[in-house]
$ cat protein_3.cif   # mmCIF, C-alpha atoms (C1' of nucleotides)
data_model
loop_
_atom_site.label_atom_id
_atom_site.label_comp_id
_atom_site.auth_asym_id
_atom_site.auth_seq_id
_atom_site.Cartn_x
_atom_site.Cartn_y
_atom_site.Cartn_z
CA MET A 1 14.82 -2.90 8.34
CA LEU A 2 11.82 -2.01 10.39
CA THR A 3 9.27 0.08 8.59
CA ARG A 4 8.23 3.29 10.21
CA SER A 5 4.87 1.76 11.03
CA ALA A 6 6.63 -1.04 12.86
CA THR A 7 8.68 1.38 14.91
CA HIS A 8 5.52 3.28 15.74
CA ALA A 9 3.85 0.05 16.83
CA VAL A 10 6.74 -0.99 19.08
CA ARG A 11 6.91 2.43 20.70
CA ALA A 12 3.16 2.41 21.30
CA MET A 13 3.39 -1.01 22.93
CA VAL A 14 6.21 0.12 25.18
CA ALA A 15 4.17 3.15 26.16
CA LEU A 16 1.19 0.97 27.03
CA ALA A 17 3.48 -1.27 29.06
CA GLY A 18 4.10 1.69 31.33
CA LEU A 19 0.46 1.95 32.44
CA GLU A 20 -0.87 0.98 35.84
CA PRO A 21 -2.38 -2.51 35.83
CA GLY A 22 -5.82 -2.45 34.23
CA GLU A 23 -5.54 1.19 33.23
CA TYR A 24 -6.54 2.38 29.77
CA ALA A 25 -4.79 5.14 27.84
CA GLN A 26 -6.44 7.04 25.03
CA THR A 27 -4.88 7.20 21.60
CA ALA A 28 -3.78 10.79 22.10
CA ARG A 29 -1.94 9.98 25.28
CA VAL A 30 -0.18 7.00 23.72
CA ALA A 31 0.66 9.11 20.69
CA ASP A 32 2.26 11.79 22.81
CA ALA A 33 4.21 9.28 24.87
CA ALA A 34 5.44 7.36 21.84
CA GLY A 35 5.99 10.38 19.62
CA VAL A 36 3.74 9.11 16.87
CA PRO A 37 1.13 11.07 14.87
CA ARG A 38 -2.22 10.61 16.60
CA ASN A 39 -4.43 9.68 13.70
CA TYR A 40 -1.91 7.35 12.22
CA LEU A 41 -1.42 5.69 15.56
CA SER A 42 -5.12 5.01 15.78
CA LYS A 43 -4.78 2.82 12.70
CA ILE A 44 -1.82 1.03 14.20
CA LEU A 45 -3.55 0.46 17.53
CA PHE A 46 -6.47 -0.96 15.62
CA GLN A 47 -4.16 -3.44 13.89
CA LEU A 48 -2.60 -4.39 17.21
CA ALA A 49 -6.08 -4.93 18.65
CA ARG A 50 -7.09 -7.07 15.69
CA ARG A 51 -4.03 -9.19 16.37
CA GLY A 52 -5.06 -9.52 19.98
CA LEU A 53 -2.06 -7.74 21.46
CA VAL A 54 -4.04 -4.86 22.94
CA GLU A 55 -7.60 -4.44 24.19
CA SER A 56 -9.71 -1.42 23.48
CA GLN A 57 -12.57 0.13 25.37
CA ARG A 58 -14.80 2.84 23.96
CA GLY A 59 -16.41 5.68 25.78
CA LEU A 60 -15.40 7.84 28.68
CA GLY A 61 -12.46 6.43 30.56
CA GLY A 62 -11.72 4.03 27.74
CA GLY A 63 -8.69 3.65 25.52
CA PHE A 64 -6.17 0.89 24.97
CA ARG A 65 -4.17 -1.41 27.19
CA LEU A 66 -2.03 -4.51 26.70
CA ALA A 67 -4.00 -7.71 26.36
CA ARG A 68 -1.35 -9.73 28.17
CA ASP A 69 1.82 -9.16 30.13
CA ALA A 70 4.49 -7.18 28.31
CA SER A 71 7.00 -9.93 28.97
CA GLN A 72 4.85 -12.28 26.88
CA ILE A 73 4.61 -10.09 23.79
CA SER A 74 7.47 -10.50 21.33
CA LEU A 75 8.57 -7.91 18.81
CA TYR A 76 7.68 -10.46 16.17
CA ASP A 77 4.03 -10.28 17.23
CA VAL A 78 4.11 -6.50 17.23
CA VAL A 79 5.94 -5.96 13.97
CA ASP A 80 4.03 -8.65 12.11
CA SER A 81 0.80 -6.89 13.08
CA VAL A 82 1.61 -3.91 10.91
CA GLU A 83 3.86 -5.29 8.17
CA ASP A 84 4.42 -8.57 6.42
CA VAL A 85 7.48 -9.98 8.14
CA ALA A 86 7.33 -13.04 5.88
CA ARG A 87 8.67 -11.02 2.97
CA TRP A 88 12.11 -11.54 4.51
CA ASN A 89 11.75 -15.11 3.34
CA GLU A 90 11.64 -14.08 -0.27
CA CYS A 91 14.74 -14.55 -2.40
CA ALA A 92 17.11 -11.60 -1.98
CA PHE A 93 18.34 -12.11 -5.51
CA GLY A 94 14.86 -12.03 -7.01
CA GLU A 95 14.90 -15.63 -8.22
CA LYS A 96 11.49 -17.19 -8.62
CA GLN A 97 12.42 -20.75 -7.81
CA CYS A 98 14.95 -20.17 -5.10
CA SER A 99 14.71 -22.62 -2.21
CA ASP A 100 16.85 -24.56 0.23
CA THR A 101 17.16 -27.37 -2.26
CA GLN A 102 17.61 -25.08 -5.25
CA PRO A 103 19.40 -22.10 -3.72
CA CYS A 104 20.41 -18.94 -5.53
CA ALA A 105 23.94 -17.64 -5.14
CA LEU A 106 22.89 -15.46 -2.21
CA HIS A 107 20.58 -17.92 -0.51
CA HIS A 108 22.70 -19.09 2.39
CA ARG A 109 24.31 -15.75 3.06
CA TRP A 110 20.95 -14.07 3.11
CA GLY A 111 19.66 -16.78 5.41
CA ARG A 112 22.14 -15.62 8.03
CA VAL A 113 20.90 -12.06 7.84
CA ARG A 114 17.31 -13.21 8.11
CA ASP A 115 18.13 -15.41 11.06
CA ALA A 116 19.70 -12.47 12.85
CA TYR A 117 16.64 -10.34 12.20
CA PHE A 118 14.11 -13.01 13.13
CA GLY A 119 16.18 -13.76 16.22
CA LEU A 120 15.89 -10.16 17.30
CA LEU A 121 12.15 -10.17 16.73
CA ARG A 122 11.46 -13.52 18.37
CA ASN A 123 13.71 -13.15 21.40
CA THR A 124 12.94 -9.58 22.31
CA PHE A 125 9.84 -8.79 24.33
CA VAL A 126 8.04 -5.54 24.92
CA GLY A 127 8.74 -5.87 28.62
CA GLU A 128 12.46 -5.65 27.97
CA LEU A 129 12.19 -2.25 26.36
CA ILE A 130 10.60 -0.18 29.09
CA GLY A 131 12.41 2.45 31.07
CA ASN A 132 16.13 2.52 30.35
CA GLY A 133 16.17 6.24 29.65
CA SER A 134 13.86 5.67 26.74
CA SER A 135 11.90 8.65 25.58
CA VAL A 136 8.81 6.46 25.55
CA GLU A 137 7.34 7.41 28.89
CA ILE A 138 3.62 7.44 29.41
CA ARG A 139 2.62 9.89 32.09
CA ASP A 140 -0.89 10.35 33.36
CA VAL A 141 -1.39 14.07 33.05
CA GLY A 142 -4.26 13.62 35.43
CA ALA A 143 -6.69 15.27 33.08
CA LEU A 144 -9.49 12.84 33.77
CA ASN A 145 -8.59 9.59 35.53
CA VAL A 146 -11.99 7.99 35.67
CA GLN A 147 -12.55 4.84 37.70
CA ARG A 148 -14.30 2.15 35.72
CA ARG A 149 -16.95 -0.11 37.16
CA SER A 150 -15.90 -3.23 35.28
CA LEU A 151 -12.35 -3.26 36.59
CA MET B 1 15.88 -5.92 3.24
CA LEU B 2 17.06 -5.10 -0.24
CA THR B 3 14.82 -2.73 -2.11
CA ARG B 4 13.62 -3.81 -5.48
CA SER B 5 15.93 -1.27 -7.10
CA ALA B 6 18.86 -2.86 -5.31
CA THR B 7 17.92 -6.32 -6.52
CA HIS B 8 17.62 -4.93 -10.04
CA ALA B 9 21.05 -3.36 -9.74
CA VAL B 10 22.70 -6.56 -8.51
CA ARG B 11 21.11 -8.62 -11.25
CA ALA B 12 22.21 -6.12 -13.87
CA MET B 13 25.78 -6.21 -12.56
CA VAL B 14 25.81 -9.99 -12.65
CA ALA B 15 24.51 -9.89 -16.19
CA LEU B 16 27.28 -7.49 -17.22
CA ALA B 17 29.83 -9.75 -15.53
CA GLY B 18 28.90 -12.39 -18.10
CA LEU B 19 30.11 -10.32 -21.05
CA GLU B 20 33.24 -10.98 -23.06
CA PRO B 21 36.15 -8.79 -21.93
CA GLY B 22 35.72 -5.28 -23.27
CA GLU B 23 32.30 -5.97 -24.74
CA TYR B 24 29.40 -3.57 -24.24
CA ALA B 25 25.77 -4.59 -23.80
CA GLN B 26 22.89 -2.23 -24.47
CA THR B 27 20.31 -1.51 -21.81
CA ALA B 28 17.70 -3.64 -23.52
CA ARG B 29 19.95 -6.66 -23.59
CA VAL B 30 20.87 -6.28 -19.93
CA ALA B 31 17.23 -5.77 -19.05
CA ASP B 32 16.22 -8.99 -20.78
CA ALA B 33 19.05 -10.93 -19.18
CA ALA B 34 18.38 -9.60 -15.72
CA GLY B 35 14.60 -9.60 -15.98
CA VAL B 36 14.27 -5.91 -15.17
CA PRO B 37 12.02 -3.33 -16.88
CA ARG B 38 14.07 -1.62 -19.57
CA ASN B 39 13.39 2.00 -18.89
CA TYR B 40 13.73 1.61 -15.18
CA LEU B 41 16.98 -0.23 -15.64
CA SER B 42 18.35 2.64 -17.64
CA LYS B 43 18.01 4.82 -14.54
CA ILE B 44 19.73 2.20 -12.45
CA LEU B 45 22.59 1.78 -14.91
CA PHE B 46 23.01 5.52 -14.89
CA GLN B 47 23.35 5.47 -11.10
CA LEU B 48 25.86 2.63 -11.30
CA ALA B 49 27.84 4.62 -13.87
CA ARG B 50 27.78 7.74 -11.72
CA ARG B 51 29.21 5.63 -8.92
CA GLY B 52 31.93 4.42 -11.24
CA LEU B 53 30.95 0.75 -11.19
CA VAL B 54 30.09 0.57 -14.88
CA GLU B 55 31.25 2.43 -17.97
CA SER B 56 28.94 3.60 -20.69
CA GLN B 57 29.51 4.24 -24.33
CA ARG B 58 27.02 5.98 -26.57
CA GLY B 59 26.38 5.35 -30.19
CA LEU B 60 26.40 2.28 -32.38
CA GLY B 61 28.03 -0.66 -30.67
CA GLY B 62 27.86 1.11 -27.33
CA GLY B 63 26.18 0.17 -24.12
CA PHE B 64 27.42 -0.64 -20.63
CA ARG B 65 30.17 -2.79 -19.19
CA LEU B 66 31.79 -3.24 -15.81
CA ALA B 67 34.38 -0.61 -14.96
CA ARG B 68 36.54 -3.11 -13.08
CA ASP B 69 36.74 -6.80 -12.48
CA ALA B 70 33.60 -8.37 -11.06
CA SER B 71 35.61 -9.86 -8.23
CA GLN B 72 36.48 -6.34 -7.09
CA ILE B 73 32.92 -5.01 -6.92
CA SER B 74 31.16 -5.65 -3.63
CA LEU B 75 27.43 -5.77 -3.17
CA TYR B 76 27.86 -2.83 -0.84
CA ASP B 77 29.05 -0.71 -3.76
CA VAL B 78 26.20 -1.87 -5.92
CA VAL B 79 23.39 -1.55 -3.42
CA ASP B 80 24.61 1.77 -2.06
CA SER B 81 24.51 3.16 -5.59
CA VAL B 82 20.73 2.93 -5.72
CA GLU B 83 19.65 3.20 -2.11
CA ASP B 84 20.92 4.74 1.08
CA VAL B 85 22.50 1.83 2.90
CA ALA B 86 23.42 4.16 5.77
CA ARG B 87 19.82 4.23 6.94
CA TRP B 88 20.55 0.87 8.57
CA ASN B 89 22.60 2.88 11.03
CA GLU B 90 19.60 4.78 12.25
CA CYS B 91 18.07 3.80 15.57
CA ALA B 92 15.66 0.89 15.13
CA PHE B 93 13.61 2.18 18.03
CA GLY B 94 13.28 5.65 16.58
CA GLU B 95 15.24 7.40 19.33
CA LYS B 96 16.80 10.68 18.27
CA GLN B 97 19.86 10.54 20.47
CA CYS B 98 20.62 6.87 20.34
CA SER B 99 24.34 6.07 20.10
CA ASP B 100 26.93 3.59 21.30
CA THR B 101 27.48 5.65 24.43
CA GLN B 102 23.78 6.38 24.93
CA PRO B 103 22.14 3.26 23.52
CA CYS B 104 18.42 2.61 23.28
CA ALA B 105 17.03 -0.67 24.54
CA LEU B 106 17.38 -2.23 21.10
CA HIS B 107 20.73 -0.74 20.19
CA HIS B 108 23.03 -3.71 20.67
CA ARG B 109 20.61 -6.30 19.41
CA TRP B 110 19.98 -4.27 16.30
CA GLY B 111 23.71 -3.86 15.86
CA ARG B 112 24.00 -7.60 15.37
CA VAL B 113 21.41 -7.59 12.63
CA ARG B 114 23.10 -4.68 10.92
CA ASP B 115 26.47 -6.38 11.18
CA ALA B 116 25.07 -9.47 9.50
CA TYR B 117 23.61 -7.38 6.71
CA PHE B 118 26.69 -5.23 6.20
CA GLY B 119 28.80 -8.37 6.31
CA LEU B 120 26.80 -9.83 3.47
CA LEU B 121 27.16 -6.64 1.45
CA ARG B 122 30.84 -6.08 2.14
CA ASN B 123 32.02 -9.66 1.75
CA THR B 124 30.06 -10.64 -1.30
CA PHE B 125 31.32 -9.69 -4.73
CA VAL B 126 29.56 -9.60 -8.06
CA GLY B 127 32.02 -12.17 -9.35
CA GLU B 128 30.74 -14.70 -6.85
CA LEU B 129 27.22 -14.54 -8.15
CA ILE B 130 27.67 -15.49 -11.77
CA GLY B 131 26.54 -18.83 -13.15
CA ASN B 132 25.42 -21.10 -10.36
CA GLY B 133 22.13 -21.94 -12.01
CA SER B 134 21.17 -18.30 -11.78
CA SER B 135 18.68 -17.22 -14.40
CA VAL B 136 20.79 -14.17 -15.09
CA GLU B 137 22.71 -15.24 -18.14
CA ILE B 138 23.57 -12.67 -20.73
CA ARG B 139 23.61 -14.14 -24.19
CA ASP B 140 24.74 -12.23 -27.21
CA VAL B 141 21.78 -12.66 -29.48
CA GLY B 142 24.09 -11.74 -32.32
CA ALA B 143 21.79 -8.96 -33.40
CA LEU B 144 24.59 -6.55 -34.04
CA ASN B 145 27.94 -7.32 -32.46
CA VAL B 146 29.93 -4.41 -33.77
CA GLN B 147 33.67 -4.30 -33.21
CA ARG B 148 34.78 -1.05 -31.69
CA ARG B 149 37.93 0.73 -32.70
CA SER B 150 38.88 1.91 -29.23
CA LEU B 151 38.98 -1.54 -27.68
"C1'" DA C 1 -32.68 10.82 27.81
"C1'" DT C 2 -28.86 13.76 26.96
"C1'" DA C 3 -24.22 15.24 26.74
"C1'" DT C 4 -19.65 13.82 26.33
"C1'" DA C 5 -15.67 10.82 25.65
"C1'" DT C 6 -13.57 7.55 22.97
"C1'" DC C 7 -12.69 4.00 19.53
"C1'" DA C 8 -14.01 2.27 14.54
"C1'" DG C 9 -13.10 2.88 10.25
"C1'" DG C 10 -13.90 5.07 5.55
"C1'" DA C 11 -12.18 8.69 2.60
"C1'" DT C 12 -8.56 11.40 1.28
"C1'" DA C 13 -3.94 13.56 1.07
"C1'" DT C 14 1.11 13.33 0.94
"C1'" DT C 15 5.43 11.19 0.19
"C1'" DT C 16 8.48 7.85 -1.58
"C1'" DA C 17 9.53 3.96 -4.53
"C1'" DT C 18 8.83 1.98 -8.77
"C1'" DA C 19 8.06 2.25 -13.59
"C1'" DT C 20 7.14 4.34 -18.27
"C1'" DC C 21 7.65 7.67 -21.98
"C1'" DC C 22 9.90 10.85 -24.79
"C1'" DT C 23 13.40 14.05 -26.51
"C1'" DA C 24 18.24 15.59 -26.55
"C1'" DT C 25 22.92 14.33 -26.95
"C1'" DT C 26 26.71 11.67 -28.51
"C1'" DA C 27 28.95 8.24 -31.16
"C1'" DT C 28 29.58 5.22 -35.33
"C1'" DA C 29 29.12 3.83 -40.19
"C1'" DG C 30 28.91 4.80 -44.77
"C1'" DC D 1 27.18 15.10 -44.16
"C1'" DT D 2 23.52 12.02 -43.23
"C1'" DA D 3 21.36 8.15 -41.21
"C1'" DT D 4 21.28 5.26 -37.40
"C1'" DA D 5 22.34 3.40 -32.81
"C1'" DA D 6 22.62 4.08 -28.24
"C1'" DT D 7 22.97 6.55 -23.67
"C1'" DA D 8 21.48 10.93 -20.85
"C1'" DG D 9 18.16 12.55 -18.44
"C1'" DG D 10 13.73 15.30 -17.83
"C1'" DA D 11 8.79 14.69 -17.39
"C1'" DT D 12 5.22 11.93 -16.12
"C1'" DA D 13 2.52 7.84 -14.39
"C1'" DT D 14 1.53 4.19 -11.03
"C1'" DA D 15 1.80 1.85 -6.63
"C1'" DA D 16 2.71 1.52 -1.89
"C1'" DA D 17 3.74 3.57 2.57
"C1'" DT D 18 2.74 7.15 5.55
"C1'" DA D 19 -0.26 10.57 7.42
"C1'" DT D 20 -4.58 13.41 8.05
"C1'" DC D 21 -9.48 14.30 8.35
"C1'" DC D 22 -14.02 13.34 9.40
"C1'" DT D 23 -18.26 10.84 10.63
"C1'" DG D 24 -20.47 6.97 12.86
"C1'" DA D 25 -20.79 3.70 16.66
"C1'" DT D 26 -20.49 2.81 21.46
"C1'" DA D 27 -19.75 3.49 26.27
"C1'" DT D 28 -20.12 6.37 30.53
"C1'" DA D 29 -21.90 9.90 33.65
"C1'" DT D 30 -25.42 12.72 35.17
#
$ encode --input "protein_3.cif" --output "structure tokens"
Amino acid sequence: MLTRSATHAVRAMVALAGLEPGEYAQTARVADAAGVPRNYLSKILFQLARRGLVESQRGLGGGFRLARDASQISLYDVVDSVEDVARWNECAFGEKQCSDTQPCALHHRWGRVRDAYFGLLRNTFVGELIGNGSSVEIRDVGALNVQRRSL
Amino acid sequence: MLTRSATHAVRAMVALAGLEPGEYAQTARVADAAGVPRNYLSKILFQLARRGLVESQRGLGGGFRLARDASQISLYDVVDSVEDVARWNECAFGEKQCSDTQPCALHHRWGRVRDAYFGLLRNTFVGELIGNGSSVEIRDVGALNVQRRSL
DNA sequence: ATATATCAGGATATTTATATCCTATTATAG
DNA sequence: CTATAATAGGATATAAATATCCTGATATAT
């Protein structure tokens, strides 16, 4: 299952995908759009930035935006930024020396579940999740809307 | 993913499946066989008993044993005794009103992952997990081995 | 330069999962 | 009846996930 942090991260990414090209959105705006607690989201956005999925800009008119096109960012990238996806590779039965060559009684069955999950993560992209009646809509409330020189 | 409690529970059930018919094993013995902390396991065994998967007997010669044949106890029963399996039904995208008729953008893809997981739980039975090179082997250390009247 | 907006990130709080400890209760043996 | 074995289950401790709060650093506008 996705952790709550992972869901937050995906929703934030989808919100950012709804921005005008080049536009930045502040944490608070993303938080409102994605329905995620503001201060917690700031941690998550930081992790996404560290991973290189979003870019940040400080100061007036700054905020966050996607670092590349939403169609090029998989859920795997997003989720693995905030949780250790690799733990799905651990033995479901808790056996220390479980492996393909020395499988536990659950090994192959669990492999199918993991494949389904990894398939979802690897073959789904942020760009596919926008719109669609989703509640993740980022709207510019028009509060500031500064034009930046460097754009 | 299975929680650690769930893994503990499955391992304990497999250990109990290795008992002689009618025999009880004390918590400590199950804990050693399954490699689970004793006191924590006692909580888990209690939950399994509440669910009706194991029977307990207090007093000298008592302990726990399976309440029915290991081939009739699914992993779903076991896992759902110690964690809320139903949370896999919640929307992976965190949408409040996500449903089959009003699906979020992840709804159907997530459904496939859930189906794989539920399939594993529903179609795997404790009886299938015994032996097999698993480290969960319950051995009667012969410490006591009391014969009970009521058997 | 100064005021303001915004992220960066440390410190802390809350909640949940995991684990330990201890006493009460129940059963058996002698 | 007494001693002993074992679960029942409350109280507490630890660890990890989630969330909040606050200050410092950095960018912009005037």
$ residues_near_point --input "protein_3.cif" --point "(3.7, 5.6, -1.3)" --cutoff "7 Å" --atoms "all atoms listed in the file" --output "number ranges by chain"
C: 15-17; D: 15-17
$ interface_residues --input "protein_3.cif" --of "chain A" --to "chain D" --cutoff "8 Å" --atoms "all atoms listed in the file" --output "PyMOL selection string"
chain A and resi 5+37+39-40+57-61
$ residues_around --input "protein_3.cif" --residues "Ala105 of chain B" --least-positions-apart "6" --cutoff "8 Å" --atoms "all atoms listed in the file" --output "list in words"
Glu128, Leu129, Ile130, Asn132 and Ser134 of chain A; Phe93 of chain B
$ interface_residues --input "protein_3.cif" --of "chain A" --to "chain C" --cutoff "12 Å" --atoms "only C-alpha atoms (C1' of nucleotides)" --output "ChimeraX atom specification"
/A:24-28,39,42-43,45-47,49-50,55-64,144,146
$ closest_residue --input "protein_3.cif" --among "B:Val126, B:Arg112, B:Glu83, B:Gly94" --to "Ala12 of chain A" --atoms "all atoms listed in the file"
B:Gly94
$ resolve_selection --input "protein_3.cif" --expression "the PyMOL selection byres ((chain B) within 9 of (chain A))" --output "PyMOL selection string"
chain B and resi 1-2+4+7-8+10-11+87-88+92-95+102+104-106+109-110+112-117+119-120+124+128-135
$ calpha_fit_and_write --input "protein_3.cif" --fixed "chain A" --moving "chain B" --output "short mmCIF file (atom, residue, chain, number, x, y, z; two decimals) with C-alpha atoms, in the coordinates of the input"
data_model
loop_
_atom_site.label_atom_id
_atom_site.label_comp_id
_atom_site.auth_asym_id
_atom_site.auth_seq_id
_atom_site.Cartn_x
_atom_site.Cartn_y
_atom_site.Cartn_z
CA MET B 1 14.85 -2.85 8.33
CA LEU B 2 11.84 -1.94 10.41
CA THR B 3 9.30 0.16 8.60
CA ARG B 4 8.26 3.36 10.23
CA SER B 5 4.88 1.83 11.05
CA ALA B 6 6.65 -0.97 12.87
CA THR B 7 8.71 1.45 14.92
CA HIS B 8 5.52 3.34 15.76
CA ALA B 9 3.87 0.12 16.84
CA VAL B 10 6.75 -0.92 19.09
CA ARG B 11 6.92 2.49 20.71
CA ALA B 12 3.19 2.47 21.32
CA MET B 13 3.39 -0.97 22.93
CA VAL B 14 6.21 0.16 25.18
CA ALA B 15 4.18 3.19 26.15
CA LEU B 16 1.19 1.00 27.03
CA ALA B 17 3.48 -1.26 29.06
CA GLY B 18 4.07 1.72 31.35
CA LEU B 19 0.44 1.93 32.44
CA GLU B 20 -0.90 0.94 35.83
CA PRO B 21 -2.42 -2.56 35.80
CA GLY B 22 -5.84 -2.47 34.19
CA GLU B 23 -5.58 1.18 33.21
CA TYR B 24 -6.55 2.38 29.74
CA ALA B 25 -4.81 5.16 27.83
CA GLN B 26 -6.48 7.04 25.00
CA THR B 27 -4.89 7.22 21.58
CA ALA B 28 -3.84 10.81 22.07
CA ARG B 29 -2.01 10.03 25.27
CA VAL B 30 -0.20 7.08 23.72
CA ALA B 31 0.65 9.17 20.69
CA ASP B 32 2.21 11.88 22.82
CA ALA B 33 4.15 9.37 24.89
CA ALA B 34 5.41 7.46 21.90
CA GLY B 35 5.96 10.47 19.66
CA VAL B 36 3.72 9.17 16.89
CA PRO B 37 1.12 11.12 14.88
CA ARG B 38 -2.24 10.65 16.57
CA ASN B 39 -4.44 9.71 13.69
CA TYR B 40 -1.91 7.39 12.20
CA LEU B 41 -1.41 5.74 15.54
CA SER B 42 -5.09 5.05 15.78
CA LYS B 43 -4.76 2.85 12.69
CA ILE B 44 -1.80 1.09 14.20
CA LEU B 45 -3.54 0.49 17.52
CA PHE B 46 -6.46 -0.93 15.60
CA GLN B 47 -4.13 -3.39 13.87
CA LEU B 48 -2.57 -4.35 17.20
CA ALA B 49 -6.05 -4.91 18.62
CA ARG B 50 -7.08 -7.04 15.66
CA ARG B 51 -4.01 -9.15 16.32
CA GLY B 52 -5.04 -9.49 19.93
CA LEU B 53 -2.03 -7.71 21.42
CA VAL B 54 -4.02 -4.84 22.91
CA GLU B 55 -7.57 -4.45 24.16
CA SER B 56 -9.71 -1.45 23.45
CA GLN B 57 -12.57 0.07 25.33
CA ARG B 58 -14.81 2.76 23.93
CA GLY B 59 -16.46 5.55 25.77
CA LEU B 60 -15.48 7.72 28.71
CA GLY B 61 -12.49 6.34 30.54
CA GLY B 62 -11.74 3.99 27.67
CA GLY B 63 -8.71 3.65 25.49
CA PHE B 64 -6.16 0.90 24.92
CA ARG B 65 -4.15 -1.40 27.15
CA LEU B 66 -2.02 -4.47 26.66
CA ALA B 67 -3.98 -7.69 26.32
CA ARG B 68 -1.32 -9.70 28.15
CA ASP B 69 1.82 -9.13 30.10
CA ALA B 70 4.49 -7.14 28.30
CA SER B 71 7.00 -9.88 28.95
CA GLN B 72 4.87 -12.23 26.87
CA ILE B 73 4.63 -10.03 23.77
CA SER B 74 7.49 -10.44 21.33
CA LEU B 75 8.57 -7.86 18.82
CA TYR B 76 7.70 -10.41 16.17
CA ASP B 77 4.05 -10.21 17.21
CA VAL B 78 4.13 -6.45 17.22
CA VAL B 79 5.97 -5.89 13.97
CA ASP B 80 4.06 -8.57 12.10
CA SER B 81 0.83 -6.83 13.07
CA VAL B 82 1.63 -3.83 10.90
CA GLU B 83 3.87 -5.21 8.19
CA ASP B 84 4.44 -8.49 6.44
CA VAL B 85 7.49 -9.91 8.17
CA ALA B 86 7.32 -12.96 5.90
CA ARG B 87 8.67 -10.95 2.99
CA TRP B 88 12.10 -11.48 4.55
CA ASN B 89 11.71 -15.06 3.39
CA GLU B 90 11.59 -14.06 -0.23
CA CYS B 91 14.68 -14.57 -2.35
CA ALA B 92 17.08 -11.64 -1.94
CA PHE B 93 18.29 -12.17 -5.48
CA GLY B 94 14.81 -12.08 -6.95
CA GLU B 95 14.81 -15.68 -8.16
CA LYS B 96 11.36 -17.19 -8.54
CA GLN B 97 12.26 -20.76 -7.68
CA CYS B 98 14.83 -20.19 -5.01
CA SER B 99 14.58 -22.62 -2.09
CA ASP B 100 16.73 -24.56 0.35
CA THR B 101 17.00 -27.42 -2.13
CA GLN B 102 17.45 -25.12 -5.13
CA PRO B 103 19.26 -22.15 -3.62
CA CYS B 104 20.31 -19.01 -5.45
CA ALA B 105 23.85 -17.74 -5.07
CA LEU B 106 22.84 -15.54 -2.16
CA HIS B 107 20.50 -17.97 -0.45
CA HIS B 108 22.63 -19.12 2.47
CA ARG B 109 24.28 -15.80 3.10
CA TRP B 110 20.92 -14.09 3.15
CA GLY B 111 19.63 -16.77 5.48
CA ARG B 112 22.12 -15.61 8.09
CA VAL B 113 20.90 -12.05 7.88
CA ARG B 114 17.30 -13.17 8.14
CA ASP B 115 18.12 -15.38 11.11
CA ALA B 116 19.70 -12.43 12.89
CA TYR B 117 16.65 -10.30 12.22
CA PHE B 118 14.12 -12.96 13.17
CA GLY B 119 16.18 -13.70 16.26
CA LEU B 120 15.90 -10.10 17.33
CA LEU B 121 12.15 -10.11 16.75
CA ARG B 122 11.46 -13.46 18.38
CA ASN B 123 13.72 -13.08 21.40
CA THR B 124 12.94 -9.53 22.32
CA PHE B 125 9.85 -8.74 24.34
CA VAL B 126 8.05 -5.49 24.92
CA GLY B 127 8.74 -5.84 28.63
CA GLU B 128 12.46 -5.60 27.99
CA LEU B 129 12.20 -2.23 26.36
CA ILE B 130 10.59 -0.17 29.08
CA GLY B 131 12.49 2.47 31.03
CA ASN B 132 16.16 2.34 30.19
CA GLY B 133 16.40 6.04 29.47
CA SER B 134 13.95 5.57 26.64
CA SER B 135 11.97 8.67 25.81
CA VAL B 136 8.82 6.60 25.73
CA GLU B 137 7.38 7.25 29.14
CA ILE B 138 3.66 7.37 29.54
CA ARG B 139 2.62 9.80 32.21
CA ASP B 140 -0.92 10.16 33.39
CA VAL B 141 -1.44 13.85 32.96
CA GLY B 142 -4.34 13.51 35.35
CA ALA B 143 -6.69 15.07 32.86
CA LEU B 144 -9.45 12.63 33.55
CA ASN B 145 -8.52 9.39 35.28
CA VAL B 146 -11.92 7.81 35.52
CA GLN B 147 -12.36 4.62 37.51
CA ARG B 148 -14.10 1.95 35.53
CA ARG B 149 -16.68 -0.36 37.00
CA SER B 150 -15.60 -3.45 35.11
CA LEU B 151 -12.04 -3.44 36.36
#
$ residues_near_point --input "protein_3.cif" --point "(-1.0, -6.9, 11.0)" --cutoff "7 Å" --atoms "only C-alpha atoms (C1' of nucleotides)" --output "ChimeraX atom specification"
/A:47-48,51,80-83
$ atom_distance --input "protein_3.cif" --atom1 "atom CA of Ser74 of chain A" --atom2 "atom CA of Met13 of chain A"
10.5 Å
$ resolve_selection --input "protein_3.cif" --expression "the PyMOL selection byres ((chain B and resi 19) around 9)" --output "ChimeraX atom specification"
/B:15-18,20-25,65-66,138-140
$ write_last_selection --input "protein_3.cif" --atoms "C-alpha atoms" --output "PDB file, keeping the file's coordinate frame"
ATOM      1  CA  ALA B  15      24.510  -9.890 -16.190  1.00  0.00           C
ATOM      2  CA  LEU B  16      27.280  -7.490 -17.220  1.00  0.00           C
ATOM      3  CA  ALA B  17      29.830  -9.750 -15.530  1.00  0.00           C
ATOM      4  CA  GLY B  18      28.900 -12.390 -18.100  1.00  0.00           C
ATOM      5  CA  GLU B  20      33.240 -10.980 -23.060  1.00  0.00           C
ATOM      6  CA  PRO B  21      36.150  -8.790 -21.930  1.00  0.00           C
ATOM      7  CA  GLY B  22      35.720  -5.280 -23.270  1.00  0.00           C
ATOM      8  CA  GLU B  23      32.300  -5.970 -24.740  1.00  0.00           C
ATOM      9  CA  TYR B  24      29.400  -3.570 -24.240  1.00  0.00           C
ATOM     10  CA  ALA B  25      25.770  -4.590 -23.800  1.00  0.00           C
ATOM     11  CA  ARG B  65      30.170  -2.790 -19.190  1.00  0.00           C
ATOM     12  CA  LEU B  66      31.790  -3.240 -15.810  1.00  0.00           C
ATOM     13  CA  ILE B 138      23.570 -12.670 -20.730  1.00  0.00           C
ATOM     14  CA  ARG B 139      23.610 -14.140 -24.190  1.00  0.00           C
ATOM     15  CA  ASP B 140      24.740 -12.230 -27.210  1.00  0.00           C
TER      16      ASP B 140
END
